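Structure data follow from structure-v9.txt (compact mmCIF, C-alpha atoms):
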# COMPACT_ATOMS: atom_id res chain seq x y z
CA MET H 1162 13.80 17.37 2.57
CA ILE H 1163 10.61 17.41 0.62
CA ILE H 1164 7.11 16.27 1.44
CA ALA H 1165 5.74 13.64 -0.91
CA ARG H 1166 2.83 11.26 -1.30
CA ILE H 1167 3.29 7.61 -2.16
CA LEU H 1168 1.79 6.80 -5.54
CA GLY H 1169 2.88 3.21 -6.10
CA THR H 1170 5.55 0.58 -6.01
CA VAL H 1171 8.36 -0.58 -8.25
CA VAL H 1172 9.41 -4.21 -8.56
CA SER H 1173 12.90 -4.95 -9.80
CA THR H 1174 14.53 -8.36 -9.76
CA GLN H 1175 17.75 -7.54 -11.57
CA LYS H 1176 19.41 -4.78 -9.59
CA ASP H 1177 22.60 -3.80 -7.82
CA GLU H 1178 23.21 -6.33 -5.07
CA ARG H 1179 23.32 -3.61 -2.43
CA LEU H 1180 19.69 -2.84 -3.28
CA GLN H 1181 18.58 -6.37 -2.45
CA GLY H 1182 15.75 -6.35 0.06
CA LYS H 1183 15.08 -2.63 -0.29
CA LYS H 1184 11.53 -1.52 -1.02
CA LEU H 1185 11.21 0.88 -3.94
CA LEU H 1186 8.29 3.30 -4.00
CA ILE H 1187 7.10 5.91 -6.47
CA VAL H 1188 6.47 9.21 -4.71
CA ARG H 1189 5.13 12.53 -5.93
CA PRO H 1190 6.32 15.76 -4.31
CA ILE H 1191 3.41 17.72 -2.80
CA ASN H 1192 2.98 21.23 -1.46
CA VAL H 1193 2.72 21.96 2.27
CA ASP H 1194 -1.06 22.38 1.86
CA GLY H 1195 -1.26 18.80 0.56
CA SER H 1196 -1.91 19.65 -3.09
CA ASP H 1197 -0.05 17.63 -5.71
CA THR H 1198 2.77 18.94 -7.84
CA THR H 1199 3.99 17.33 -11.02
CA GLY H 1200 6.64 14.69 -11.53
CA TYR H 1201 7.70 11.75 -9.46
CA VAL H 1202 10.72 10.19 -7.77
CA VAL H 1203 11.60 6.56 -7.16
CA ALA H 1204 12.75 6.38 -3.55
CA VAL H 1205 13.95 3.62 -1.24
CA ASP H 1206 11.75 3.14 1.80
CA THR H 1207 13.57 2.98 5.17
CA VAL H 1208 10.57 3.27 7.50
CA GLY H 1209 7.83 0.95 6.21
CA ALA H 1210 5.61 3.58 4.59
CA GLY H 1211 2.40 2.60 2.81
CA PHE H 1212 0.27 3.60 -0.16
CA HIS H 1213 -1.04 7.20 -0.13
CA GLU H 1214 0.85 8.20 3.02
CA ARG H 1215 2.60 11.54 3.26
CA VAL H 1216 6.30 11.02 3.77
CA LEU H 1217 9.58 12.89 4.13
CA VAL H 1218 12.00 12.28 1.28
CA VAL H 1219 15.67 13.15 1.52
CA ALA H 1220 17.50 13.56 -1.78
CA GLY H 1221 21.08 13.55 -2.97
CA SER H 1222 24.04 11.96 -1.25
CA SER H 1223 22.41 12.52 2.15
CA ALA H 1224 20.00 9.70 1.29
CA ARG H 1225 22.87 7.26 1.90
CA LEU H 1226 23.28 8.50 5.48
CA ALA H 1227 20.00 6.98 6.63
CA GLN H 1228 20.37 3.95 8.86
CA GLY H 1229 20.71 0.81 6.75
CA MET H 1230 21.62 2.72 3.59
CA LYS H 1231 25.39 2.90 3.89
CA ASP H 1232 27.05 2.50 0.47
CA VAL H 1233 23.70 1.78 -1.18
CA PRO H 1234 23.52 3.40 -4.65
CA VAL H 1235 20.48 5.65 -4.15
CA ASP H 1236 19.78 9.37 -4.37
CA ALA H 1237 16.35 9.45 -2.73
CA ALA H 1238 15.20 7.82 0.50
CA ILE H 1239 11.98 7.93 2.51
CA VAL H 1240 13.05 8.75 6.09
CA GLY H 1241 9.77 9.53 7.85
CA VAL H 1242 6.00 9.15 7.77
CA ILE H 1243 4.34 12.50 8.37
CA ASP H 1244 1.65 12.82 11.03
CA THR H 1245 0.94 16.53 10.72
CA VAL H 1246 2.21 19.63 8.94
CA ASP H 1247 1.39 22.95 10.61
CA VAL H 1248 2.04 26.06 8.56
CA THR H 1249 1.18 29.49 9.89
CA MET A 525 23.52 28.92 2.19
CA GLN A 526 20.33 30.87 1.80
CA LEU A 527 18.06 32.96 3.97
CA ALA A 528 14.66 31.56 4.83
CA ARG A 529 11.70 32.18 7.10
CA VAL A 530 10.48 29.43 9.41
CA ILE A 531 6.78 29.06 8.61
CA GLY A 532 5.71 25.81 10.22
CA THR A 533 6.44 22.51 11.86
CA VAL A 534 6.28 18.88 10.78
CA VAL A 535 5.50 15.98 13.09
CA ALA A 536 6.59 12.48 12.08
CA THR A 537 6.36 9.70 14.65
CA VAL A 538 7.58 6.93 12.38
CA LYS A 539 10.96 7.93 11.05
CA ASN A 540 14.39 6.60 10.33
CA ASP A 541 16.15 5.84 13.62
CA SER A 542 18.92 8.28 12.82
CA LEU A 543 16.40 11.16 12.81
CA HIS A 544 14.99 10.46 16.28
CA GLY A 545 14.90 13.52 18.48
CA ARG A 546 15.42 15.97 15.62
CA LYS A 547 13.07 18.92 15.19
CA LEU A 548 11.60 19.32 11.71
CA LEU A 549 10.55 22.76 10.49
CA VAL A 550 9.00 24.07 7.29
CA VAL A 551 11.13 26.86 5.84
CA GLN A 552 10.29 29.28 3.06
CA THR A 553 13.28 30.61 1.15
CA VAL A 554 13.34 34.40 0.80
CA ASP A 555 15.00 36.62 -1.78
CA ARG A 556 17.37 39.50 -1.01
CA ASN A 557 14.41 41.71 -0.14
CA LEU A 558 13.24 39.04 2.31
CA GLU A 559 10.18 38.28 0.19
CA PRO A 560 9.10 34.62 -0.18
CA ASN A 561 10.74 33.01 -3.19
CA GLY A 562 10.35 29.41 -4.33
CA LYS A 563 8.78 26.40 -2.71
CA PRO A 564 8.85 25.68 1.04
CA MET A 565 11.08 22.82 2.21
CA VAL A 566 11.31 20.70 5.33
CA ALA A 567 14.52 21.32 7.26
CA VAL A 568 16.14 19.75 10.30
CA ASP A 569 16.82 22.31 13.03
CA ALA A 570 20.38 22.44 14.39
CA VAL A 571 20.17 25.71 16.32
CA GLY A 572 16.80 25.92 18.09
CA ALA A 573 14.93 28.13 15.65
CA GLY A 574 11.25 29.00 16.06
CA ILE A 575 8.32 29.89 13.85
CA GLY A 576 8.55 33.33 12.24
CA GLU A 577 12.31 33.63 12.67
CA LEU A 578 14.65 34.53 9.85
CA VAL A 579 17.30 31.83 9.51
CA PHE A 580 19.96 30.62 7.13
CA TRP A 581 20.17 27.06 6.00
CA CYS A 582 22.41 24.85 3.95
CA ARG A 583 21.55 22.14 1.48
CA GLY A 584 23.19 19.02 0.20
CA LYS A 585 25.42 16.62 2.05
CA GLU A 586 26.86 19.46 4.11
CA ALA A 587 23.47 19.70 5.82
CA SER A 588 24.39 16.64 7.87
CA PHE A 589 27.64 18.16 9.19
CA PRO A 590 26.11 19.89 12.26
CA PHE A 591 25.07 16.47 13.54
CA LYS A 592 26.84 13.17 13.88
CA ARG A 593 28.34 13.42 10.49
CA GLU A 594 27.87 10.10 8.77
CA ASP A 595 24.69 9.36 10.61
CA THR A 596 22.01 11.96 9.95
CA PRO A 597 20.09 11.76 6.67
CA THR A 598 19.24 15.37 5.94
CA ASP A 599 19.73 17.45 2.80
CA CYS A 600 18.38 20.65 4.34
CA THR A 601 19.41 22.00 7.77
CA ILE A 602 18.93 25.29 9.60
CA VAL A 603 22.42 26.30 10.70
CA GLY A 604 21.89 29.81 12.04
CA ILE A 605 19.36 32.38 13.22
CA VAL A 606 19.60 35.94 11.88
CA ASP A 607 19.59 38.38 14.80
CA SER A 608 16.97 40.60 13.18
CA GLU A 609 15.90 41.80 9.76
CA GLN A 610 17.77 45.05 10.46
CA HIS A 611 20.95 43.01 10.54
CA VAL A 612 20.51 42.04 6.87
CA THR A 613 22.21 44.74 4.81
CA ARG A 614 20.91 44.92 1.27

For this file, produce the structure as structure tokens.
Amino acid sequence: MIIARILGTVVSTQKDERLQGKKLLIVRPINVDGSDTTGYVVAVDTVGAGFHERVLVVAGSSARLAQGMKDVPVDAAIVGVIDTVDVT
Amino acid sequence: MQLARVIGTVVATVKNDSLHGRKLLVVQTVDRNLEPNGKPMVAVDAVGAGIGELVFWCRGKEASFPFKREDTPTDCTIVGIVDSEQHVTR
């Protein structure tokens, strides 16, 4: 899993029917110290995350294993809102 | 699978129901000389690893196999603890 920060939202009306009702967010991977990296990922939100929050993003086929995501055509899902990261 | 060093912890109160009760650790991949190599990742712990320990981890869908298989959304899981650095022959 990677740590990412939520940058924005995506609105899509015409989409696969299994994506109906799913919230799409744009997230940017960040380093463990909180600094930004480059690039972005569009991820489906499963936890109700909000703008600028640090979140856990699971990528690949494992994203479909999150509760409520069975057989949904996604390769990135937000599975947690991060409270703290402690790195020694 | 790759070797990594556990370097930290992550706390997330709000998370997907299928991740409840799972311990999240920050792991730093190491190269064959056990030097840090690449970016740290967040991994789910399947074996009870602690900070500073040398572990091996697997990525991809297989990372969910140590848990209830079709039910744990992880792409990065610690699946073993290396006994000691002396046990890594290189």

Next on the checklist: Within 12 Å of chain H, which residues belong to chain A? Use only C-alpha atoms and report them as number ranges by chain.
Outcome noted: A: 529-544, 546, 548-552, 562-569, 574-576, 582-589, 591-602

Item to check | Residues within 8 Å of (7.1, 4.0, -7.8), counting all atoms listed in the file, listed as an NGL selection string | outcome: :H and (1167-1171 or 1185-1188 or 1201-1204)

Next on the checklist: Residues within 6 Å of Glu1214 in chain H, please, as a PyMOL selection string. Count only C-alpha atoms; anything in the same chain fewer than 2 positions from it doesn't count.
Outcome noted: chain H and resi 1166-1167+1211-1212

Checklist entry - What does the distance between CA of Leu558 in chain A and CA of Trp581 in chain A come to in Å, to one decimal place? => result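 Calculated distance between CA of Leu558 in chain A and CA of Trp581 in chain A is 14.3 Å.
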
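As for CA of Glu1178 in chain H and CA of Asp1232 in chain H, they are spaced 11.1 Å apart.
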
Item to check | Gap from CA of Ile1191 in chain H to CA of Gln526 in chain A - Å, one decimal | outcome: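 Computing the Euclidean distance for CA of Ile1191 in chain H and CA of Gln526 in chain A yields 21.9 Å.
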
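Comparing the minimum interatomic distances between Thr613 in chain A and each of A:Arg556, A:Gly545, A:Met525, A:Ala570, counting only C-alpha atoms, we find that A:Arg556 sits nearest.
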